[in-house]
>>> print(open('protein-v1.txt').read())   # compact mmCIF, C-alpha atoms
# COMPACT_ATOMS: atom_id res chain seq x y z
CA MET A 190 -7.62 26.86 62.20
CA ARG A 191 -6.99 23.27 61.33
CA THR A 192 -9.89 23.10 58.97
CA ASN A 193 -8.99 26.41 57.37
CA GLU A 194 -5.46 25.25 56.87
CA ALA A 195 -6.75 22.03 55.35
CA HIS A 196 -9.04 23.92 53.07
CA ILE A 197 -6.29 26.20 51.83
CA PHE A 198 -4.01 23.33 51.04
CA VAL A 199 -6.75 21.32 49.40
CA PHE A 200 -7.57 24.34 47.30
CA ILE A 201 -3.99 24.76 46.16
CA ALA A 202 -3.64 21.05 45.48
CA CYS A 203 -6.78 21.07 43.38
CA ILE A 204 -5.45 23.93 41.31
CA ILE A 205 -2.30 21.96 40.63
CA ILE A 206 -4.31 18.89 39.69
CA GLY A 207 -6.44 20.97 37.33
CA ILE A 208 -3.36 22.35 35.63
CA LEU A 209 -1.91 18.87 35.22
CA ILE A 210 -5.15 17.52 33.82
CA SER A 211 -5.50 20.21 31.20
CA MET A 212 -1.84 19.88 30.28
CA ASN A 213 -2.29 16.18 29.82
CA ILE A 214 -5.45 16.13 27.79
CA ASP A 215 -4.86 15.85 24.07
CA PHE A 216 -7.67 17.38 22.07
CA LYS A 217 -6.29 16.51 18.62
CA LYS A 218 -8.21 13.77 16.86
CA SER A 219 -5.19 11.51 16.58
CA GLY A 220 -6.29 8.89 14.04
CA THR A 221 -9.71 7.46 14.74
CA SER A 222 -9.41 3.71 14.65
CA THR A 223 -11.98 1.39 13.10
CA PHE A 224 -12.58 -2.27 13.52
CA LEU A 225 -11.91 -4.63 10.60
CA THR A 226 -12.83 -8.26 10.16
CA ALA A 227 -10.02 -10.71 9.44
CA ASN A 228 -10.81 -10.68 5.71
CA GLN A 229 -10.89 -6.91 5.50
CA TYR A 230 -7.60 -6.77 7.35
CA GLN A 231 -5.99 -9.17 4.88
CA ASP A 232 -7.30 -7.15 1.94
CA ALA A 233 -6.20 -3.89 3.43
CA TYR A 234 -2.77 -5.30 4.24
CA SER A 235 -2.19 -6.67 0.75
CA GLU A 236 -3.42 -3.44 -0.81
CA ARG A 237 -0.97 -1.54 1.34
CA SER A 238 1.94 -3.75 0.28
CA LYS A 239 0.88 -3.38 -3.35
CA LEU A 240 0.82 0.39 -3.02
CA TYR A 241 4.24 0.36 -1.40
CA GLY A 242 5.52 -1.71 -4.31
CA GLU A 243 4.04 0.74 -6.79
CA ILE A 244 5.60 3.62 -4.94
CA GLY A 245 8.95 1.89 -5.16
CA ASP A 246 8.60 1.35 -8.90
CA LEU A 247 7.51 4.90 -9.54
CA GLN A 248 10.41 6.12 -7.47
CA LYS A 249 12.81 4.08 -9.57
CA GLN A 250 11.31 5.44 -12.76
CA TYR A 251 11.50 8.94 -11.45
CA ASN A 252 15.15 8.47 -10.58
CA LYS A 253 15.88 7.10 -14.02
CA TYR A 254 14.27 10.01 -15.82
CA HIS A 255 15.77 12.52 -13.45
CA PHE A 256 19.20 11.12 -14.16
CA LYS A 257 18.56 11.27 -17.90
CA LEU A 258 17.37 14.82 -17.69
CA SER A 259 20.38 15.90 -15.69
CA LYS A 260 22.61 14.19 -18.20
CA TYR A 261 21.02 16.20 -20.97
CA LYS A 262 21.38 19.39 -19.05
CA ASN A 263 24.92 18.87 -17.91
CA SER A 264 26.72 17.13 -20.72
CA GLU A 265 29.71 18.97 -22.05
CA GLU A 266 29.55 17.82 -25.63
CA SER A 267 25.95 18.81 -25.40
CA ARG A 268 24.70 18.56 -28.97
CA TYR A 269 26.35 15.31 -29.93
CA GLU A 270 25.63 13.42 -26.74
CA ILE A 271 22.02 14.50 -26.63
CA ILE A 272 21.49 13.38 -30.18
CA SER A 273 23.04 9.97 -29.56
CA GLU A 274 20.96 9.53 -26.39
CA LEU A 275 17.80 10.39 -28.25
CA GLU A 276 18.72 8.05 -31.06
CA LYS A 277 19.22 5.22 -28.60
CA GLU A 278 15.82 5.91 -27.08
CA LEU A 279 14.28 6.03 -30.53
CA GLU A 280 15.76 2.62 -31.37
CA GLU A 281 14.33 1.14 -28.17
CA ASN A 282 10.90 2.50 -28.92
CA LYS A 283 11.04 1.26 -32.50
CA THR A 284 11.92 -2.24 -31.34
CA LYS A 285 8.99 -2.29 -28.98
CA LEU A 286 6.65 -1.12 -31.72
CA GLY A 287 7.92 -3.59 -34.26
CA MET A 288 9.38 -0.99 -36.57
CA SER A 289 12.89 -2.42 -36.52
CA ASP A 290 14.37 -5.86 -37.02
CA ALA A 291 14.66 -8.02 -33.94
CA GLU A 292 16.71 -11.06 -33.12
CA GLY A 293 17.03 -13.35 -30.14
CA GLU A 294 16.20 -16.81 -28.84
CA GLY A 295 12.73 -18.19 -29.33
CA ILE A 296 10.61 -20.81 -31.08
CA THR A 297 9.37 -21.50 -34.58
CA LEU A 298 5.98 -23.06 -35.12
CA THR A 299 5.29 -24.72 -38.46
CA LEU A 300 1.67 -25.50 -39.34
CA SER A 301 0.21 -27.12 -42.40
CA ASP A 302 -3.28 -28.20 -43.42
CA ALA A 303 -4.50 -31.72 -42.84
CA THR A 304 -4.73 -32.25 -46.58
CA ASP A 305 -5.49 -35.98 -46.50
CA GLU A 306 -8.45 -35.62 -44.20
CA TYR A 307 -9.68 -32.62 -46.13
CA ASN A 308 -9.46 -34.43 -49.42
CA SER A 309 -11.38 -37.42 -48.13
CA SER A 310 -14.14 -35.52 -46.30
CA GLY A 311 -14.25 -32.08 -47.85
CA ASN A 312 -14.73 -30.68 -44.33
CA GLU A 313 -13.15 -27.29 -43.96
CA THR A 314 -12.29 -27.78 -40.30
CA TYR A 315 -9.18 -29.64 -41.45
CA LEU A 316 -7.81 -26.45 -42.95
CA ILE A 317 -6.06 -23.68 -41.09
CA HIS A 318 -8.18 -20.55 -40.78
CA PHE A 319 -7.21 -17.00 -40.02
CA TYR A 320 -8.66 -17.16 -36.54
CA ASP A 321 -6.43 -20.11 -35.75
CA ILE A 322 -3.42 -17.95 -36.42
CA MET A 323 -4.96 -15.23 -34.30
CA PHE A 324 -5.51 -17.55 -31.36
CA LEU A 325 -1.97 -18.89 -31.61
CA ILE A 326 -0.55 -15.37 -31.69
CA ASN A 327 -2.64 -14.60 -28.63
CA ASP A 328 -1.24 -17.64 -26.85
CA LEU A 329 2.29 -16.63 -27.78
CA LYS A 330 1.78 -13.15 -26.40
CA ASN A 331 0.41 -14.68 -23.23
CA ALA A 332 3.58 -16.77 -22.96
CA GLY A 333 5.68 -13.63 -23.07
CA ALA A 334 6.69 -13.39 -26.73
CA GLU A 335 8.30 -10.07 -27.50
CA ALA A 336 8.34 -10.21 -31.29
CA ILE A 337 6.17 -12.38 -33.51
CA SER A 338 6.02 -12.87 -37.26
CA VAL A 339 3.85 -15.02 -39.53
CA ASN A 340 5.48 -16.06 -42.78
CA GLY A 341 7.76 -13.06 -42.54
CA GLN A 342 4.99 -10.59 -41.68
CA ARG A 343 5.76 -8.84 -38.39
CA VAL A 344 2.84 -8.81 -35.97
CA VAL A 345 2.31 -5.33 -34.57
CA ASP A 346 -0.56 -3.80 -32.68
CA SER A 347 -2.46 -2.85 -35.82
CA THR A 348 -2.02 -6.26 -37.43
CA TYR A 349 -5.21 -7.69 -38.85
CA GLU A 350 -6.01 -10.94 -40.61
CA TYR A 351 -8.90 -12.14 -42.66
CA CYS A 352 -9.87 -15.05 -44.77
CA GLY A 353 -9.02 -14.83 -48.43
CA GLY A 354 -10.41 -18.16 -49.43
CA VAL A 355 -7.33 -20.19 -50.30
CA ASN A 356 -5.05 -17.79 -48.47
CA ILE A 357 -4.96 -15.67 -45.35
CA ASN A 358 -4.57 -11.96 -45.69
CA ILE A 359 -2.26 -10.55 -43.03
CA ASN A 360 -1.59 -6.82 -42.97
CA GLY A 361 -2.69 -6.71 -46.55
CA VAL A 362 -0.25 -9.45 -47.65
CA LYS A 363 -1.62 -12.79 -48.77
CA VAL A 364 0.11 -15.76 -47.18
CA VAL A 365 -0.55 -19.45 -47.79
CA THR A 366 0.03 -22.72 -46.03
CA PRO A 367 2.45 -23.87 -44.64
CA PHE A 368 2.56 -21.18 -41.98
CA TYR A 369 5.80 -20.41 -40.20
CA ILE A 370 5.18 -18.55 -36.98
CA SER A 371 8.34 -17.27 -35.29
CA ALA A 372 8.40 -15.78 -31.84
CA ILE A 373 11.25 -14.25 -29.86
CA GLY A 374 11.09 -14.70 -26.12
CA ASN A 375 11.97 -17.21 -23.42
CA LYS A 376 12.24 -20.32 -25.59
CA GLU A 377 11.58 -22.93 -22.89
CA VAL A 378 8.64 -21.10 -21.38
CA MET A 379 7.03 -20.43 -24.73
CA LYS A 380 7.39 -24.00 -25.95
CA LYS A 381 5.98 -25.41 -22.73
CA TYR A 382 3.12 -22.97 -22.77
CA MET A 383 2.11 -23.70 -26.36
CA LEU A 384 2.16 -27.45 -25.72
CA MET A 385 -0.02 -27.27 -22.61
CA ASP A 386 -3.24 -29.25 -22.82
CA GLU A 387 -5.52 -26.29 -22.23
CA ASN A 388 -4.04 -24.15 -24.96
CA TYR A 389 -5.04 -23.71 -28.54
CA LEU A 390 -2.31 -25.71 -30.21
CA LYS A 391 -3.38 -28.98 -28.64
CA TYR A 392 -6.96 -28.45 -29.77
CA LEU A 393 -5.81 -27.55 -33.25
CA THR A 394 -3.60 -30.56 -33.67
CA ILE A 395 -5.71 -33.23 -31.99
CA VAL A 396 -9.26 -32.26 -32.87
CA ARG A 397 -8.67 -30.65 -36.23
CA LYS A 398 -5.73 -32.80 -37.14
CA ILE A 399 -3.55 -29.89 -38.28
CA LYS A 400 0.05 -30.93 -38.81
CA PHE A 401 2.51 -29.02 -36.69
CA ASP A 402 6.14 -28.86 -35.71
CA ILE A 403 7.62 -26.78 -32.92
CA GLU A 404 11.32 -26.02 -32.67
CA ILE A 405 13.48 -24.12 -30.21
CA GLU A 406 16.10 -21.89 -31.74
CA ASP A 407 18.84 -19.79 -30.24
CA ASN A 408 18.89 -17.04 -32.79
CA ILE A 409 15.77 -16.04 -34.64
CA LYS A 410 15.72 -13.04 -36.88
CA ILE A 411 12.43 -11.29 -37.31
CA SER A 412 12.21 -8.48 -39.79
CA SER A 413 10.49 -5.25 -39.10
CA TYR A 414 6.98 -4.26 -39.95
CA ILE A 415 6.80 -3.02 -43.50
CA GLY A 416 4.35 -0.26 -44.07
CA ASN A 417 3.60 2.98 -42.40
CA LYS A 418 0.97 4.11 -40.02
CA ASN A 419 -0.77 7.31 -40.89
CA TYR A 420 -3.20 8.26 -38.23
CA LYS A 421 -5.87 10.47 -39.67
CA TYR A 422 -8.31 10.49 -36.78
CA ALA A 423 -6.51 9.66 -33.56
CA ARG A 424 -4.76 12.70 -32.18
CA SER A 425 -2.61 12.50 -29.11
CA LYS A 426 -3.48 14.52 -26.05
CA ILE A 427 -0.18 15.88 -24.87
CA LYS A 428 -0.07 16.28 -21.11
CA ASN A 429 1.63 19.47 -20.04
CA MET B 93 -16.93 22.84 47.56
CA LEU B 94 -13.67 24.71 47.63
CA ALA B 95 -12.02 21.68 46.08
CA VAL B 96 -14.28 21.71 43.05
CA ILE B 97 -13.75 25.43 42.56
CA GLY B 98 -10.00 24.89 42.81
CA LEU B 99 -10.19 22.14 40.22
CA ILE B 100 -12.09 24.30 37.78
CA ILE B 101 -9.71 27.22 38.26
CA GLY B 102 -6.79 24.88 37.69
CA ILE B 103 -8.25 23.52 34.47
CA ILE B 104 -8.92 27.00 33.15
CA VAL B 105 -5.40 28.14 34.03
CA GLY B 106 -3.92 25.07 32.34
CA ALA B 107 -6.02 25.60 29.21
CA VAL B 108 -5.00 29.23 28.96
CA TRP B 109 -1.37 28.52 29.66
CA ASN B 110 -1.36 26.14 26.68
CA ILE B 111 1.67 24.12 27.62
CA ASN B 112 1.35 20.52 26.58
CA ILE B 113 3.21 17.65 28.13
CA PRO B 114 5.10 15.67 25.46
CA ASP B 115 3.09 12.66 24.38
CA LYS B 116 5.50 10.03 25.60
CA PHE B 117 5.11 11.17 29.21
CA SER B 118 1.35 11.30 29.05
CA PRO B 119 0.55 7.91 30.65
CA TYR B 120 2.90 8.59 33.57
CA ILE B 121 1.38 11.97 34.27
CA SER B 122 -2.07 10.37 34.15
CA VAL B 123 -1.19 7.99 36.99
CA ALA B 124 0.38 10.87 38.93
CA ILE B 125 -2.83 12.84 38.59
CA PHE B 126 -4.70 9.89 40.00
CA ALA B 127 -2.35 9.77 42.99
CA CYS B 128 -2.83 13.48 43.62
CA LEU B 129 -6.59 13.09 43.55
CA ASP B 130 -6.30 10.36 46.15
CA SER B 131 -4.22 12.66 48.38
CA VAL B 132 -6.84 15.38 48.10
CA PHE B 133 -9.65 13.06 49.07
CA GLY B 134 -7.58 11.84 52.00
CA ALA B 135 -7.03 15.42 53.08
CA LEU B 136 -10.74 16.17 52.87
CA LYS B 137 -11.58 13.16 55.00
CA ALA B 138 -8.90 14.08 57.53
CA SER B 139 -10.14 17.65 57.73
CA LEU B 140 -13.67 16.45 58.42
CA ALA B 141 -12.34 14.22 61.19
CA LYS B 142 -10.21 17.10 62.48
CA GLN B 143 -7.09 15.05 61.89
CA PHE B 144 -5.54 16.98 59.06
CA ARG B 145 -1.75 17.24 59.14
CA VAL B 146 -0.06 19.50 56.66
CA ASP B 147 3.22 17.68 56.50
CA ILE B 148 1.55 14.34 55.86
CA PHE B 149 -0.62 15.87 53.20
CA ILE B 150 2.21 17.55 51.31
CA SER B 151 4.53 14.58 51.54
CA GLY B 152 1.69 12.28 50.49
CA PHE B 153 0.69 14.53 47.59
CA PHE B 154 4.08 14.79 45.95
CA GLY B 155 5.45 11.48 47.16
CA ASN B 156 2.54 9.43 45.87
CA ALA B 157 2.61 11.26 42.55
CA VAL B 158 6.29 10.63 42.01
CA LEU B 159 6.07 7.03 43.17
CA ALA B 160 3.10 6.31 40.90
CA ALA B 161 4.82 7.84 37.87
CA ALA B 162 8.03 5.95 38.64
CA LEU B 163 6.17 2.65 38.98
CA ALA B 164 4.36 3.25 35.69
CA TYR B 165 7.65 3.97 33.93
CA LEU B 166 9.27 0.87 35.43
CA GLY B 167 6.30 -1.23 34.39
CA ASP B 168 6.61 0.10 30.87
CA LYS B 169 10.24 -0.88 30.64
CA LEU B 170 9.66 -4.31 32.14
CA GLY B 171 6.63 -4.97 30.01
CA VAL B 172 4.43 -5.61 33.06
CA PRO B 173 1.50 -3.24 33.51
CA ILE B 174 2.49 -2.22 37.05
CA TYR B 175 0.51 0.99 36.71
CA LEU B 176 -2.58 -1.16 37.19
CA ALA B 177 -1.63 -1.65 40.82
CA ALA B 178 -1.49 2.10 41.36
CA VAL B 179 -4.80 2.60 39.59
CA ILE B 180 -6.60 -0.06 41.61
CA VAL B 181 -5.21 1.05 44.94
CA PHE B 182 -5.79 4.75 44.42
CA GLY B 183 -9.20 4.14 42.96
CA GLY B 184 -10.14 2.00 45.92
CA ARG B 185 -8.91 4.61 48.39
CA ILE B 186 -10.72 7.42 46.59
CA PHE B 187 -14.01 5.59 46.79
CA ASP B 188 -13.36 4.65 50.41
CA ASN B 189 -12.57 8.20 51.42
CA PHE B 190 -15.51 9.49 49.46
CA ALA B 191 -17.81 7.07 51.27
CA THR B 192 -16.52 8.30 54.64
CA ILE B 193 -16.89 11.93 53.62
CA ARG B 194 -20.42 11.25 52.43
CA ARG B 195 -21.45 9.69 55.73
CA VAL B 196 -19.95 12.48 57.78
CA LEU B 197 -21.55 15.19 55.68
CA ILE B 198 -24.93 13.50 55.75
CA GLU B 199 -24.64 13.09 59.51
CA LYS B 200 -23.81 16.76 59.84
CA ALA B 201 -26.69 17.76 57.64
CA LYS B 202 -29.07 15.60 59.69
CA SER B 203 -27.78 16.88 63.05
CA HIS B 204 -28.12 20.51 61.91
CA GLN B 205 -31.76 20.11 61.13
>>> encode(input="protein-v1.txt", output="structure tokens")
Amino acid sequence: MRTNEAHIFVFIACIIIGILISMNIDFKKSGTSTFLTANQYQDAYSERSKLYGEIGDLQKQYNKYHFKLSKYKNSEESRYEIISELEKELEENKTKLGMSDAEGEGITLTLSDATDEYNSSGNETYLIHFYDIMFLINDLKNAGAEAISVNGQRVVDSTYEYCGGVNININGVKVVTPFYISAIGNKEVMKKYMLMDENYLKYLTIVRKIKFDIEIEDNIKISSYIGNKNYKYARSKIKN
Amino acid sequence: MLAVIGLIIGIIVGAVWNINIPDKFSPYISVAIFACLDSVFGALKASLAKQFRVDIFISGFFGNAVLAAALAYLGDKLGVPIYLAAVIVFGGRIFDNFATIRRVLIEKAKSHQ
């Protein structure tokens, strides 16, 4: 009787254990983990932080546009307010494209040919060429310039330059030495950047002996791009 | 033999019943299961030695389970893995009991021949 009793109880206990085991086992594949080396971990971590940052930015943008849209939908003086909002947006876009006048703090770069050296040697490297202007504009953009003009010609994305012999042809307009390059942006940063030893201005002035002058100004006025853009071939793909 | 059958029946019943213990209790229940297994092995050994006592078995079964789970929970809160003590002790006892059971069964099998 003892052994039977024992067997019965052991049987019941085993059933209980079985129930507990199957209740406890989790069959879902909860996130298989992999092993990473220290480098991979660093990369993965920084990529994750970058993605979080992007998510934050996108969220902010979304909020901004959502707010704008709700303003359009809900404004009482609907017509008038919508039109003024759209006009404001149009002005902002025009400024960024270079289609409207701009003013602000910045620097003015004045460049003139090394006429004495040219006259004595006849070597053309002592003259300013169109690619010099291009490199300087590139440097200015790198330094954060928001609006640039060369001798009054606004530099926009479709700006081109080529050599016209005694002049440089910018955007179809012939300009001659001396060249006044104005740029609107952070005046200190831009001046420092242009004067750095590795940048183009130093090479231009020391090796090719071009005369230059760089000045910081608090209020520079840069006129808009004159001309129109008629795109005959590029058509926009509107996302729906 | 009966024990294994009981275990299988229990697992099937549990799978069919489809109740899952919430995940945060899972480690505590695991240690409790271990304690129950140890009680069962002790009961098997006692029954082979004709020394089985129901009250000791039942009190050991539930008491050990509760004590093991409580110790695991306490260890969690204190940050010390106290559950390790339960695991080592119960594991040791299971293997001990199993060794005794093995010897007795093999002796029985030999003496029957």
>>> interface_residues(input="protein-v1.txt", of="chain B", to="chain A", cutoff="7 Å", atoms="all atoms listed in the file", output="ChimeraX atom specification")
/B:94-95,98-103,105-107,111-113,118,125,128,132,135,139,142,144
>>> write_last_selection(input="protein-v1.txt", atoms="C-alpha atoms", output="compact mmCIF listing (two decimals), in the frame of the given file")
# COMPACT_ATOMS: atom_id res chain seq x y z
CA LEU B 94 -13.67 24.71 47.63
CA ALA B 95 -12.02 21.68 46.08
CA GLY B 98 -10.00 24.89 42.81
CA LEU B 99 -10.19 22.14 40.22
CA ILE B 100 -12.09 24.30 37.78
CA ILE B 101 -9.71 27.22 38.26
CA GLY B 102 -6.79 24.88 37.69
CA ILE B 103 -8.25 23.52 34.47
CA VAL B 105 -5.40 28.14 34.03
CA GLY B 106 -3.92 25.07 32.34
CA ALA B 107 -6.02 25.60 29.21
CA ILE B 111 1.67 24.12 27.62
CA ASN B 112 1.35 20.52 26.58
CA ILE B 113 3.21 17.65 28.13
CA SER B 118 1.35 11.30 29.05
CA ILE B 125 -2.83 12.84 38.59
CA CYS B 128 -2.83 13.48 43.62
CA VAL B 132 -6.84 15.38 48.10
CA ALA B 135 -7.03 15.42 53.08
CA SER B 139 -10.14 17.65 57.73
CA LYS B 142 -10.21 17.10 62.48
CA PHE B 144 -5.54 16.98 59.06
>>> atom_distance(input="protein-v1.txt", atom1="CA of Asn360 in chain A", atom2="CA of Ala332 in chain A")
22.9 Å
>>> residues_around(input="protein-v1.txt", residues="Ser289 in chain A", least_positions_apart="6", cutoff="9 Å", atoms="only C-alpha atoms", output="VMD selection string")
chain A and resid 280 283 411 to 414
>>> write_last_selection(input="protein-v1.txt", atoms="C-alpha atoms", output="PDB file, in the frame of the given file")
ATOM      1  CA  GLU A 280      15.760   2.620 -31.370  1.00  0.00           C
ATOM      2  CA  LYS A 283      11.040   1.260 -32.500  1.00  0.00           C
ATOM      3  CA  ILE A 411      12.430 -11.290 -37.310  1.00  0.00           C
ATOM      4  CA  SER A 412      12.210  -8.480 -39.790  1.00  0.00           C
ATOM      5  CA  SER A 413      10.490  -5.250 -39.100  1.00  0.00           C
ATOM      6  CA  TYR A 414       6.980  -4.260 -39.950  1.00  0.00           C
TER       7      TYR A 414
END
>>> closest_residue(input="protein-v1.txt", among="A:Ser310, A:Asn228, A:Thr348, A:Ser259", to="Val362 in chain A", atoms="only C-alpha atoms")
A:Thr348
>>> closest_residue(input="protein-v1.txt", among="A:Ala423, A:Ala372, A:Met323, A:Val345", to="Asp407 in chain A", atoms="all atoms listed in the file")
A:Ala372
>>> atom_distance(input="protein-v1.txt", atom1="CA of Leu325 in chain A", atom2="CA of Glu404 in chain A")
15.1 Å
>>> atom_distance(input="protein-v1.txt", atom1="CA of Leu159 in chain B", atom2="CA of Pro119 in chain B")
13.7 Å
>>> residues_around(input="protein-v1.txt", residues="Gly184 in chain B", least_positions_apart="4", cutoff="12 Å", atoms="only C-alpha atoms", output="list in words")
Phe126, Ala127, Leu129, Asp130, Phe133, Gly134, Leu176, Ala177, Ala178, Val179, Ile180, Asp188, Asn189, Phe190 and Ala191 of chain B
>>> residues_near_point(input="protein-v1.txt", point="(4.8, -14.8, -47.9)", cutoff="8 Å", atoms="all atoms listed in the file", output="PyMOL selection string")
chain A and resi 340-342+362-365
>>> write_last_selection(input="protein-v1.txt", atoms="C-alpha atoms", output="PDB file, in the coordinates of the input")
ATOM      1  CA  ASN A 340       5.480 -16.060 -42.780  1.00  0.00           C
ATOM      2  CA  GLY A 341       7.760 -13.060 -42.540  1.00  0.00           C
ATOM      3  CA  GLN A 342       4.990 -10.590 -41.680  1.00  0.00           C
ATOM      4  CA  VAL A 362      -0.250  -9.450 -47.650  1.00  0.00           C
ATOM      5  CA  LYS A 363      -1.620 -12.790 -48.770  1.00  0.00           C
ATOM      6  CA  VAL A 364       0.110 -15.760 -47.180  1.00  0.00           C
ATOM      7  CA  VAL A 365      -0.550 -19.450 -47.790  1.00  0.00           C
TER       8      VAL A 365
END
>>> residues_around(input="protein-v1.txt", residues="Ala303 in chain A", least_positions_apart="3", cutoff="7 Å", atoms="only C-alpha atoms", output="short mmCIF file (atom, residue, chain, number, x, y, z; two decimals) with C-alpha atoms, in the coordinates of the input")
data_model
loop_
_atom_site.label_atom_id
_atom_site.label_comp_id
_atom_site.auth_asym_id
_atom_site.auth_seq_id
_atom_site.Cartn_x
_atom_site.Cartn_y
_atom_site.Cartn_z
CA GLU A 306 -8.45 -35.62 -44.20
CA TYR A 307 -9.68 -32.62 -46.13
CA TYR A 315 -9.18 -29.64 -41.45
CA LEU A 316 -7.81 -26.45 -42.95
CA LYS A 398 -5.73 -32.80 -37.14
CA ILE A 399 -3.55 -29.89 -38.28
CA LYS A 400 0.05 -30.93 -38.81
#
>>> residues_around(input="protein-v1.txt", residues="Leu197 in chain B", least_positions_apart="3", cutoff="12 Å", atoms="all atoms listed in the file", output="PDB file with C-alpha atoms, in the coordinates of the input")
ATOM      1  CA  LEU B 136     -10.740  16.170  52.870  1.00  0.00           C
ATOM      2  CA  LYS B 137     -11.580  13.160  55.000  1.00  0.00           C
ATOM      3  CA  SER B 139     -10.140  17.650  57.730  1.00  0.00           C
ATOM      4  CA  LEU B 140     -13.670  16.450  58.420  1.00  0.00           C
ATOM      5  CA  ALA B 141     -12.340  14.220  61.190  1.00  0.00           C
ATOM      6  CA  PHE B 190     -15.510   9.490  49.460  1.00  0.00           C
ATOM      7  CA  ALA B 191     -17.810   7.070  51.270  1.00  0.00           C
ATOM      8  CA  THR B 192     -16.520   8.300  54.640  1.00  0.00           C
ATOM      9  CA  ILE B 193     -16.890  11.930  53.620  1.00  0.00           C
ATOM     10  CA  ARG B 194     -20.420  11.250  52.430  1.00  0.00           C
ATOM     11  CA  LYS B 200     -23.810  16.760  59.840  1.00  0.00           C
ATOM     12  CA  ALA B 201     -26.690  17.760  57.640  1.00  0.00           C
ATOM     13  CA  LYS B 202     -29.070  15.600  59.690  1.00  0.00           C
ATOM     14  CA  SER B 203     -27.780  16.880  63.050  1.00  0.00           C
ATOM     15  CA  HIS B 204     -28.120  20.510  61.910  1.00  0.00           C
TER      16      HIS B 204
END
>>> build_atoms(input="protein-v1.txt", residues="range 207-211 of chain A", atoms="all heavy atoms", output="PDB file, in the frame of the given file")
ATOM      1  N   GLY A 207      -5.748  20.464  38.519  1.00  0.00           N
ATOM      2  CA  GLY A 207      -6.440  20.970  37.330  1.00  0.00           C
ATOM      3  C   GLY A 207      -5.461  21.329  36.237  1.00  0.00           C
ATOM      4  O   GLY A 207      -5.676  21.024  35.058  1.00  0.00           O
ATOM      5  N   ILE A 208      -4.357  21.962  36.639  1.00  0.00           N
ATOM      6  CA  ILE A 208      -3.360  22.350  35.630  1.00  0.00           C
ATOM      7  C   ILE A 208      -2.793  21.096  34.972  1.00  0.00           C
ATOM      8  O   ILE A 208      -2.682  21.004  33.737  1.00  0.00           O
ATOM      9  CB  ILE A 208      -2.234  23.175  36.276  1.00  0.00           C
ATOM     10  CG1 ILE A 208      -2.787  24.492  36.773  1.00  0.00           C
ATOM     11  CG2 ILE A 208      -1.117  23.407  35.281  1.00  0.00           C
ATOM     12  CD1 ILE A 208      -1.752  25.374  37.428  1.00  0.00           C
ATOM     13  N   LEU A 209      -2.475  20.103  35.789  1.00  0.00           N
ATOM     14  CA  LEU A 209      -1.910  18.870  35.220  1.00  0.00           C
ATOM     15  C   LEU A 209      -2.890  18.202  34.265  1.00  0.00           C
ATOM     16  O   LEU A 209      -2.513  17.734  33.187  1.00  0.00           O
ATOM     17  CB  LEU A 209      -1.558  17.886  36.353  1.00  0.00           C
ATOM     18  CG  LEU A 209      -0.248  18.113  37.074  1.00  0.00           C
ATOM     19  CD1 LEU A 209      -0.055  17.039  38.138  1.00  0.00           C
ATOM     20  CD2 LEU A 209       0.905  18.065  36.092  1.00  0.00           C
ATOM     21  N   ILE A 210      -4.162  18.179  34.680  1.00  0.00           N
ATOM     22  CA  ILE A 210      -5.150  17.520  33.820  1.00  0.00           C
ATOM     23  C   ILE A 210      -5.238  18.213  32.465  1.00  0.00           C
ATOM     24  O   ILE A 210      -5.213  17.582  31.411  1.00  0.00           O
ATOM     25  CB  ILE A 210      -6.535  17.490  34.502  1.00  0.00           C
ATOM     26  CG1 ILE A 210      -6.542  16.509  35.662  1.00  0.00           C
ATOM     27  CG2 ILE A 210      -7.604  17.111  33.497  1.00  0.00           C
ATOM     28  CD1 ILE A 210      -7.868  16.438  36.370  1.00  0.00           C
ATOM     29  N   SER A 211      -5.323  19.547  32.486  1.00  0.00           N
ATOM     30  CA  SER A 211      -5.500  20.210  31.200  1.00  0.00           C
ATOM     31  C   SER A 211      -4.214  20.170  30.391  1.00  0.00           C
ATOM     32  O   SER A 211      -4.261  20.250  29.162  1.00  0.00           O
ATOM     33  CB  SER A 211      -5.962  21.655  31.395  1.00  0.00           C
ATOM     34  OG  SER A 211      -5.088  22.293  32.281  1.00  0.00           O
TER      35      SER A 211
END
